[in-house]
$ cat structure-v5.cif   # mmCIF, C-alpha atoms and all ligand atoms
data_protein
#
loop_
_atom_site.label_atom_id
_atom_site.label_comp_id
_atom_site.auth_asym_id
_atom_site.auth_seq_id
_atom_site.Cartn_x
_atom_site.Cartn_y
_atom_site.Cartn_z
CA MET K 1 56.96 10.74 171.43
CA ARG K 2 56.40 8.31 168.57
CA SER K 3 56.52 9.93 165.17
CA LEU K 4 53.22 9.80 163.31
CA VAL K 5 54.84 10.33 159.96
CA SER K 6 57.19 7.45 159.55
CA ARG K 7 57.11 7.16 155.75
CA GLY K 8 58.13 9.65 153.13
CA ASP K 9 54.69 10.11 151.73
CA CYS K 10 53.28 10.82 155.12
CA ARG K 11 55.05 14.09 155.70
CA ARG K 12 52.71 16.09 153.53
CA GLY K 13 49.10 17.11 153.17
CA GLY K 14 46.72 16.13 155.93
CA ALA K 15 49.70 15.54 158.19
CA LEU K 16 49.76 19.21 158.98
CA LEU K 17 46.17 19.32 160.05
CA SER K 18 45.60 15.96 161.58
CA ALA K 19 47.30 14.90 164.70
CA PRO K 20 45.94 11.46 165.41
CA GLY K 21 47.03 9.13 168.15
CA PRO K 22 49.20 10.61 170.86
CA LEU K 23 48.35 14.14 169.84
CA GLY K 24 44.62 13.53 170.19
CA ASP K 25 42.59 13.98 173.33
CA PRO K 26 44.81 13.09 176.33
CA ALA K 27 41.69 11.65 177.97
CA MET K 28 41.48 9.08 175.15
CA PRO K 29 45.13 8.40 174.31
CA ASN K 30 44.37 5.37 172.19
CA ARG K 31 41.91 7.09 169.90
CA PRO K 32 42.89 9.27 166.96
CA ARG K 33 41.86 12.88 167.04
CA PRO K 34 38.30 13.00 165.64
CA LEU K 35 37.54 14.44 162.22
CA VAL K 36 34.15 15.78 161.26
CA ALA K 37 34.04 16.24 157.50
CA GLY K 38 31.34 17.80 155.36
CA ASN K 39 30.72 16.64 151.80
CA TRP K 40 28.65 19.22 149.98
CA LYS K 41 28.33 17.00 146.90
CA MET K 42 26.94 18.94 143.88
CA ASN K 43 25.57 21.72 146.07
CA GLY K 44 26.82 25.23 146.59
CA LEU K 45 27.20 28.51 144.77
CA ARG K 46 29.48 31.36 145.80
CA ARG K 47 26.81 32.71 148.12
CA SER K 48 26.83 29.39 149.99
CA LEU K 49 30.29 30.24 151.29
CA ARG K 50 28.71 32.28 154.08
CA VAL K 51 28.01 28.89 155.69
CA LEU K 52 31.77 28.49 156.03
CA GLY K 53 31.98 31.77 157.93
CA GLU K 54 29.23 30.56 160.25
CA ILE K 55 31.01 27.27 160.82
CA GLU K 56 34.24 29.13 161.53
CA GLN K 57 32.40 31.26 164.10
CA GLY K 58 31.15 28.15 165.83
CA TYR K 59 34.54 26.42 165.81
CA THR K 60 35.22 27.59 169.32
CA PRO K 61 38.46 26.90 171.20
CA GLY K 62 36.56 24.26 173.15
CA LEU K 63 35.58 22.42 169.98
CA LYS K 64 38.98 22.96 168.40
CA ALA K 65 40.50 21.15 171.35
CA LYS K 66 38.32 18.13 170.61
CA ALA K 67 37.98 17.67 166.86
CA ASP K 68 39.28 18.60 163.42
CA LEU K 69 36.83 19.99 160.88
CA LEU K 70 36.96 19.63 157.10
CA LEU K 71 34.66 20.92 154.38
CA CYS K 72 34.59 19.51 150.86
CA PRO K 73 32.69 21.93 148.60
CA PRO K 74 32.30 21.38 144.86
CA ALA K 75 35.49 21.90 142.84
CA THR K 76 34.38 25.36 141.70
CA LEU K 77 34.48 26.59 145.31
CA VAL K 78 37.62 24.91 146.65
CA LEU K 79 39.90 27.86 145.95
CA THR K 80 37.57 30.46 147.47
CA ALA K 81 36.70 28.21 150.41
CA ALA K 82 40.39 27.82 151.19
CA HIS K 83 40.74 31.61 151.17
CA VAL K 84 37.71 32.09 153.39
CA LEU K 85 38.95 29.52 155.89
CA VAL K 86 42.61 30.48 155.97
CA GLY K 87 43.81 30.66 159.56
CA SER K 88 40.61 29.07 160.88
CA GLY K 89 42.05 25.62 161.48
CA ILE K 90 39.29 24.21 159.26
CA ALA K 91 40.57 22.23 156.31
CA VAL K 92 39.22 22.17 152.76
CA GLY K 93 39.06 19.12 150.54
CA GLY K 94 37.98 17.97 147.09
CA GLN K 95 35.25 15.40 146.48
CA ASP K 96 37.14 13.40 143.86
CA CYS K 97 40.33 13.61 141.83
CA HIS K 98 41.68 12.13 138.63
CA ALA K 99 44.48 9.59 138.90
CA LYS K 100 46.70 11.51 136.47
CA GLU K 101 48.50 14.75 137.24
CA ALA K 102 47.44 16.53 134.04
CA GLY K 103 46.40 15.79 130.48
CA ALA K 104 43.54 15.48 128.01
CA PHE K 105 40.77 14.54 130.46
CA THR K 106 38.01 17.02 129.80
CA GLY K 107 36.04 17.95 132.87
CA ASP K 108 38.31 16.21 135.35
CA VAL K 109 40.25 17.74 138.22
CA SER K 110 43.64 16.44 139.33
CA ALA K 111 44.86 16.08 142.89
CA GLU K 112 47.58 18.58 142.08
CA MET K 113 44.92 21.13 141.07
CA LEU K 114 43.09 20.58 144.34
CA ALA K 115 46.31 21.00 146.32
CA ASP K 116 47.15 24.12 144.32
CA ALA K 117 43.72 25.54 145.20
CA GLY K 118 44.37 25.03 148.90
CA ALA K 119 42.85 21.60 149.58
CA THR K 120 44.58 19.21 151.95
CA PHE K 121 42.17 16.27 151.55
CA ALA K 122 40.40 14.48 148.69
CA ILE K 123 37.46 12.13 149.03
CA VAL K 124 37.88 9.13 146.72
CA GLY K 125 35.62 6.19 145.98
CA HIS K 126 32.44 7.77 147.28
CA SER K 127 29.53 5.45 146.53
CA GLU K 128 28.04 8.09 144.23
CA ARG K 129 31.24 7.92 142.14
CA ARG K 130 31.18 4.13 142.26
CA GLN K 131 27.47 4.08 141.31
CA TYR K 132 27.15 6.88 138.74
CA HIS K 133 30.65 6.81 137.26
CA GLY K 134 31.32 3.09 137.46
CA GLU K 135 34.44 3.50 139.58
CA LYS K 136 35.96 0.22 140.70
CA ASP K 137 38.41 -0.44 143.52
CA ALA K 138 41.49 -0.26 141.27
CA GLU K 139 40.54 3.19 140.04
CA VAL K 140 39.77 4.35 143.55
CA CYS K 141 43.18 3.09 144.63
CA ALA K 142 44.86 5.00 141.79
CA LYS K 143 42.99 8.14 142.82
CA ALA K 144 44.05 7.74 146.44
CA ALA K 145 47.65 7.29 145.29
CA ALA K 146 47.26 10.46 143.21
CA ALA K 147 46.06 12.31 146.28
CA HIS K 148 49.18 11.16 148.13
CA ARG K 149 51.39 12.15 145.19
CA ALA K 150 49.94 15.66 145.43
CA GLY K 151 50.40 15.81 149.18
CA LEU K 152 46.74 15.33 150.04
CA ALA K 153 45.23 12.97 152.56
CA ALA K 154 42.81 10.55 150.88
CA ILE K 155 39.42 9.81 152.40
CA VAL K 156 38.68 6.37 150.99
CA CYS K 157 34.98 5.52 151.08
CA VAL K 158 33.61 2.02 151.41
CA GLY K 159 30.16 0.62 152.13
CA GLU K 160 27.62 -1.97 151.14
CA THR K 161 24.36 -1.59 149.23
CA GLN K 162 21.04 -2.59 150.74
CA GLY K 163 21.02 -5.77 148.67
CA GLU K 164 24.48 -6.71 149.87
CA ARG K 165 23.48 -6.14 153.49
CA GLU K 166 20.32 -8.19 153.09
CA ALA K 167 22.36 -10.98 151.53
CA GLY K 168 24.67 -10.98 154.57
CA ARG K 169 27.63 -9.85 152.45
CA THR K 170 28.44 -6.55 154.21
CA LEU K 171 31.73 -7.61 155.77
CA ASN K 172 32.96 -9.32 152.62
CA VAL K 173 32.12 -6.31 150.48
CA VAL K 174 33.82 -3.84 152.81
CA ARG K 175 36.88 -6.10 153.14
CA ARG K 176 37.18 -6.38 149.36
CA GLN K 177 36.82 -2.63 148.91
CA LEU K 178 39.47 -1.92 151.53
CA ARG K 179 41.97 -4.38 150.07
CA GLY K 180 41.45 -2.98 146.58
CA SER K 181 41.16 0.74 147.29
CA ILE K 182 43.98 1.63 149.70
CA PRO K 183 47.37 2.27 148.11
CA GLU K 184 50.74 1.33 149.49
CA ALA K 185 52.49 4.01 151.51
CA SER K 186 49.26 4.91 153.26
CA CYS K 187 49.60 5.93 156.87
CA PRO K 188 47.58 7.75 159.54
CA ALA K 189 48.59 11.16 158.24
CA ASN K 190 47.48 10.58 154.66
CA LEU K 191 44.66 8.08 154.98
CA VAL K 192 41.15 8.33 156.36
CA VAL K 193 38.62 5.56 155.79
CA ALA K 194 34.93 6.42 155.62
CA TYR K 195 32.34 3.69 156.11
CA GLU K 196 29.18 4.81 154.33
CA PRO K 197 26.49 2.18 153.89
CA VAL K 198 24.94 3.10 150.54
CA TRP K 199 21.40 2.53 151.84
CA ALA K 200 21.96 5.02 154.68
CA ILE K 201 23.07 7.90 152.45
CA GLY K 202 20.46 10.61 152.21
CA THR K 203 17.69 8.28 153.38
CA GLY K 204 17.41 9.12 157.07
CA LEU K 205 18.17 5.48 157.81
CA THR K 206 21.18 4.52 159.91
CA PRO K 207 22.60 1.18 160.96
CA THR K 208 22.37 0.24 164.62
CA ALA K 209 25.31 1.11 166.84
CA ALA K 210 26.12 -2.60 166.95
CA ASP K 211 26.19 -2.83 163.15
CA VAL K 212 28.47 0.21 162.91
CA ALA K 213 30.74 -1.26 165.58
CA GLU K 214 30.99 -4.55 163.69
CA VAL K 215 32.01 -2.93 160.40
CA HIS K 216 34.41 -0.44 162.00
CA ALA K 217 36.10 -3.27 163.91
CA LEU K 218 36.57 -5.11 160.62
CA ILE K 219 38.03 -1.96 159.05
CA ARG K 220 40.48 -1.53 161.95
CA ASP K 221 41.47 -5.13 161.61
CA GLU K 222 42.04 -4.82 157.86
CA LEU K 223 44.05 -1.66 158.42
CA ARG K 224 46.43 -3.67 160.61
CA ARG K 225 47.19 -5.79 157.56
CA ILE K 226 47.37 -2.84 155.19
CA VAL K 227 49.32 -0.17 157.11
CA GLY K 228 50.73 -2.27 159.92
CA LYS K 229 49.69 -2.93 163.50
CA ALA K 230 51.20 0.15 165.10
CA GLU K 231 49.86 2.59 162.52
CA ALA K 232 46.38 1.08 162.20
CA ALA K 233 45.24 2.38 165.58
CA SER K 234 45.86 5.98 164.47
CA VAL K 235 44.04 5.88 161.12
CA ARG K 236 40.76 7.70 161.40
CA ILE K 237 37.67 5.73 160.46
CA LEU K 238 34.62 7.92 159.84
CA TYR K 239 31.00 6.88 159.75
CA GLY K 240 28.80 8.47 157.06
CA GLY K 241 25.14 8.16 156.12
CA SER K 242 22.31 10.29 157.51
CA VAL K 243 24.38 11.71 160.37
CA LYS K 244 22.39 14.47 162.09
CA PRO K 245 22.75 16.42 165.32
CA SER K 246 20.09 14.14 166.80
CA ASN K 247 21.97 10.88 166.19
CA ALA K 248 25.58 12.11 166.22
CA LYS K 249 26.23 11.45 169.87
CA GLU K 250 25.22 7.82 169.62
CA LEU K 251 27.05 7.14 166.35
CA LEU K 252 30.25 8.96 167.29
CA ALA K 253 30.45 7.16 170.63
CA VAL K 254 30.72 3.77 168.91
CA GLU K 255 34.07 2.07 169.28
CA ASN K 256 36.41 2.70 166.32
CA VAL K 257 34.30 5.59 165.05
CA ASP K 258 36.72 8.51 164.83
CA GLY K 259 34.44 11.06 163.25
CA ALA K 260 31.78 11.53 160.62
CA LEU K 261 31.46 12.18 156.91
CA VAL K 262 28.38 14.35 156.67
CA GLY K 263 26.39 15.05 153.52
CA GLY K 264 23.13 16.98 153.72
CA ALA K 265 23.61 18.24 157.26
CA SER K 266 26.94 19.86 156.34
CA LEU K 267 25.10 22.41 154.19
CA VAL K 268 23.66 24.06 157.30
CA ALA K 269 26.18 25.50 159.75
CA ALA K 270 24.06 24.85 162.83
CA ASP K 271 23.58 21.20 161.88
CA PHE K 272 27.23 20.60 161.04
CA LEU K 273 28.31 22.27 164.28
CA GLY K 274 25.62 20.34 166.15
CA ILE K 275 27.19 17.11 164.91
CA ALA K 276 30.74 18.17 165.78
CA GLY K 277 29.40 19.37 169.12
CA ALA K 278 28.84 15.73 170.07
CA TYR K 279 32.51 15.78 171.03
CA LEU K 280 32.00 18.62 173.50
CA VAL K 281 31.11 16.48 176.48
P1 LIG L 301 24.06 12.20 153.98
O1 LIG L 301 24.68 12.70 155.28
O2 LIG L 301 23.29 13.25 153.27
O3 LIG L 301 23.32 10.93 154.21
O4 LIG L 301 25.28 11.83 153.00
C1 LIG L 301 26.33 11.07 153.47
C2 LIG L 301 27.43 11.09 152.49
O5 LIG L 301 27.30 10.51 151.42
C3 LIG L 301 28.62 11.84 152.82
O6 LIG L 301 29.66 11.58 151.93
#
$ encode --input "structure-v5.cif" --output "structure tokens"
Amino acid sequence: MRSLVSRGDCRRGGALLSAPGPLGDPAMPNRPRPLVAGNWKMNGLRRSLRVLGEIEQGYTPGLKAKADLLLCPPATLVLTAAHVLVGSGIAVGGQDCHAKEAGAFTGDVSAEMLADAGATFAIVGHSERRQYHGEKDAEVCAKAAAAHRAGLAAIVCVGETQGEREAGRTLNVVRRQLRGSIPEASCPANLVVAYEPVWAIGTGLTPTAADVAEVHALIRDELRRIVGKAEAASVRILYGGSVKPSNAKELLAVENVDGALVGGASLVAADFLGIAGAYLV
């Protein structure tokens, strides 16, 4: 069997959890194993962790056979979440990380700190970081490289604004973000790409299946240039933006959609499980 971890940096972090490509569903040998990830954003107190227990309960052997699950709570809860979920097969991730390992950066959290707390993934370049913290592609790339340095898999987010879509610039914007935000030495075990159209986040709006297919095909194509032809097929590309149990089946069935990055609906166990349950057919 072909090794999925052909580069040094790819032996760590998400490699242990994710088993894309040949280790995915034998019925779909060319598709990576799906990943359904929850991004809690700035939501969640200690009492919210009972949701994790409920999600663990619903992560039945049948679902486990079909998809990986990941929860990204706020930084204050990463350590406890990792304890709660130990042995569950559900991974824990951070929502952001600093590019540096340590230092005088008040309020920031390093990738090493996330890894030390039990995380195996870090979201980087989320549109809310790009929008509210002015993060540009180069910084996102440095953060993704930091995640790799710490042994985490990086979930690199890309996506166009409403204005960019209306101006017909979606593909150009996503291409530019991909080329600028993905570090060298990325591979299927340490890289996940999330396509999140900014206008679809938290709005209840979603692109058509055809629009999602077009952007995900472009991402797959770009990945061939970035990580190489053979590896590109195994990198998971998630769709994010108003994913709900009611639309998950349609969105997750789109070609080159290998899972979802879920915001609001990941705060409710039944909704998150309802989305992941789209893979149970
Ligand atoms: P919603 O699912 O709430 O639209 O958020 C999507 C998102 O931004 C996940 O990172």
$ closest_residue --input "structure-v5.cif" --among "K:Ala115, K:Ala276, K:Ala150, K:Ala65" --to "Lys100 in chain K" --atoms "all atoms listed in the file"
K:Ala150
$ closest_atom_pairs --input "structure-v5.cif" --of "chain K" --to "ligand LIG 301 (chain L)" --cutoff "9 Å" --atoms "all atoms listed in the file" --output "CSV"
residue,atom,partner,partner_atom,distance
K:Ala37,CA,L:LIG301,C3,8.4
K:Gly38,CA,L:LIG301,C3,7.0
K:Asn39,CA,L:LIG301,O6,5.2
K:Trp40,CA,L:LIG301,C3,7.9
K:Lys41,CA,L:LIG301,O6,7.5
K:Gln95,CA,L:LIG301,O6,8.7
K:Ile123,CA,L:LIG301,O6,8.3
K:His126,CA,L:LIG301,O6,6.6
K:Ser127,CA,L:LIG301,O5,7.4
K:Glu128,CA,L:LIG301,O5,7.6
K:Cys157,CA,L:LIG301,O6,8.1
K:Ala194,CA,L:LIG301,O6,8.2
K:Glu196,CA,L:LIG301,O5,6.7
K:Pro197,CA,L:LIG301,O5,8.7
K:Val198,CA,L:LIG301,O5,7.8
K:Trp199,CA,L:LIG301,O3,8.9
K:Ala200,CA,L:LIG301,O3,6.1
K:Ile201,CA,L:LIG301,O3,3.5
K:Gly202,CA,L:LIG301,O3,3.5
K:Thr203,CA,L:LIG301,O3,6.3
K:Gly204,CA,L:LIG301,O3,6.8
K:Leu205,CA,L:LIG301,O3,8.3
K:Thr206,CA,L:LIG301,O3,8.8
K:Tyr239,CA,L:LIG301,C3,8.8
K:Gly240,CA,L:LIG301,C1,5.1
K:Gly241,CA,L:LIG301,O3,3.8
K:Ser242,CA,L:LIG301,O3,3.5
K:Val243,CA,L:LIG301,O1,5.2
K:Lys244,CA,L:LIG301,O1,7.4
K:Ala260,CA,L:LIG301,C3,8.4
K:Leu261,CA,L:LIG301,C3,5.0
K:Val262,CA,L:LIG301,O1,4.3
K:Gly263,CA,L:LIG301,O1,3.4
K:Gly264,CA,L:LIG301,O2,3.8
K:Ala265,CA,L:LIG301,O1,6.0
K:Ser266,CA,L:LIG301,O1,7.6
$ write_last_selection --input "structure-v5.cif" --atoms "C-alpha atoms" --output "compact mmCIF listing (two decimals), in the coordinates of the input"
# COMPACT_ATOMS: atom_id res chain seq x y z
CA ALA K 37 34.04 16.24 157.50
CA GLY K 38 31.34 17.80 155.36
CA ASN K 39 30.72 16.64 151.80
CA TRP K 40 28.65 19.22 149.98
CA LYS K 41 28.33 17.00 146.90
CA GLN K 95 35.25 15.40 146.48
CA ILE K 123 37.46 12.13 149.03
CA HIS K 126 32.44 7.77 147.28
CA SER K 127 29.53 5.45 146.53
CA GLU K 128 28.04 8.09 144.23
CA CYS K 157 34.98 5.52 151.08
CA ALA K 194 34.93 6.42 155.62
CA GLU K 196 29.18 4.81 154.33
CA PRO K 197 26.49 2.18 153.89
CA VAL K 198 24.94 3.10 150.54
CA TRP K 199 21.40 2.53 151.84
CA ALA K 200 21.96 5.02 154.68
CA ILE K 201 23.07 7.90 152.45
CA GLY K 202 20.46 10.61 152.21
CA THR K 203 17.69 8.28 153.38
CA GLY K 204 17.41 9.12 157.07
CA LEU K 205 18.17 5.48 157.81
CA THR K 206 21.18 4.52 159.91
CA TYR K 239 31.00 6.88 159.75
CA GLY K 240 28.80 8.47 157.06
CA GLY K 241 25.14 8.16 156.12
CA SER K 242 22.31 10.29 157.51
CA VAL K 243 24.38 11.71 160.37
CA LYS K 244 22.39 14.47 162.09
CA ALA K 260 31.78 11.53 160.62
CA LEU K 261 31.46 12.18 156.91
CA VAL K 262 28.38 14.35 156.67
CA GLY K 263 26.39 15.05 153.52
CA GLY K 264 23.13 16.98 153.72
CA ALA K 265 23.61 18.24 157.26
CA SER K 266 26.94 19.86 156.34
$ closest_residue --input "structure-v5.cif" --among "K:Ile90, K:Ala144, K:Ala233, K:Leu273" --to "Asp221 in chain K" --atoms "all atoms listed in the file"
K:Ala233
$ axis_aligned_box --input "structure-v5.cif" --around "range 224-234 of chain K" --padding-each-side "5 Å" --output "lines of an AutoDock Vina configuration file"
center_x = 48.2
center_y = 0.1
center_z = 160.4
size_x = 16.0
size_y = 21.8
size_z = 20.4
$ residues_near_point --input "structure-v5.cif" --point "(42.3, -11.1, 153.2)" --cutoff "12 Å" --atoms "all atoms listed in the file" --output "list in words"
Leu171, Asn172, Val173, Val174, Arg175, Arg176, Gln177, Leu178, Arg179, Gly180, Leu218, Ile219, Asp221, Glu222, Leu223, Arg224, Arg225 and Ile226 of chain K
$ residues_around --input "structure-v5.cif" --residues "Ala154 in chain K" --least-positions-apart "2" --cutoff "7 Å" --atoms "only C-alpha atoms" --output "list in words"
Phe121, Ala122, Ile123, Val124, Ala144, Ala147, His148, Leu152, Val156, Asn190, Leu191 and Val192 of chain K
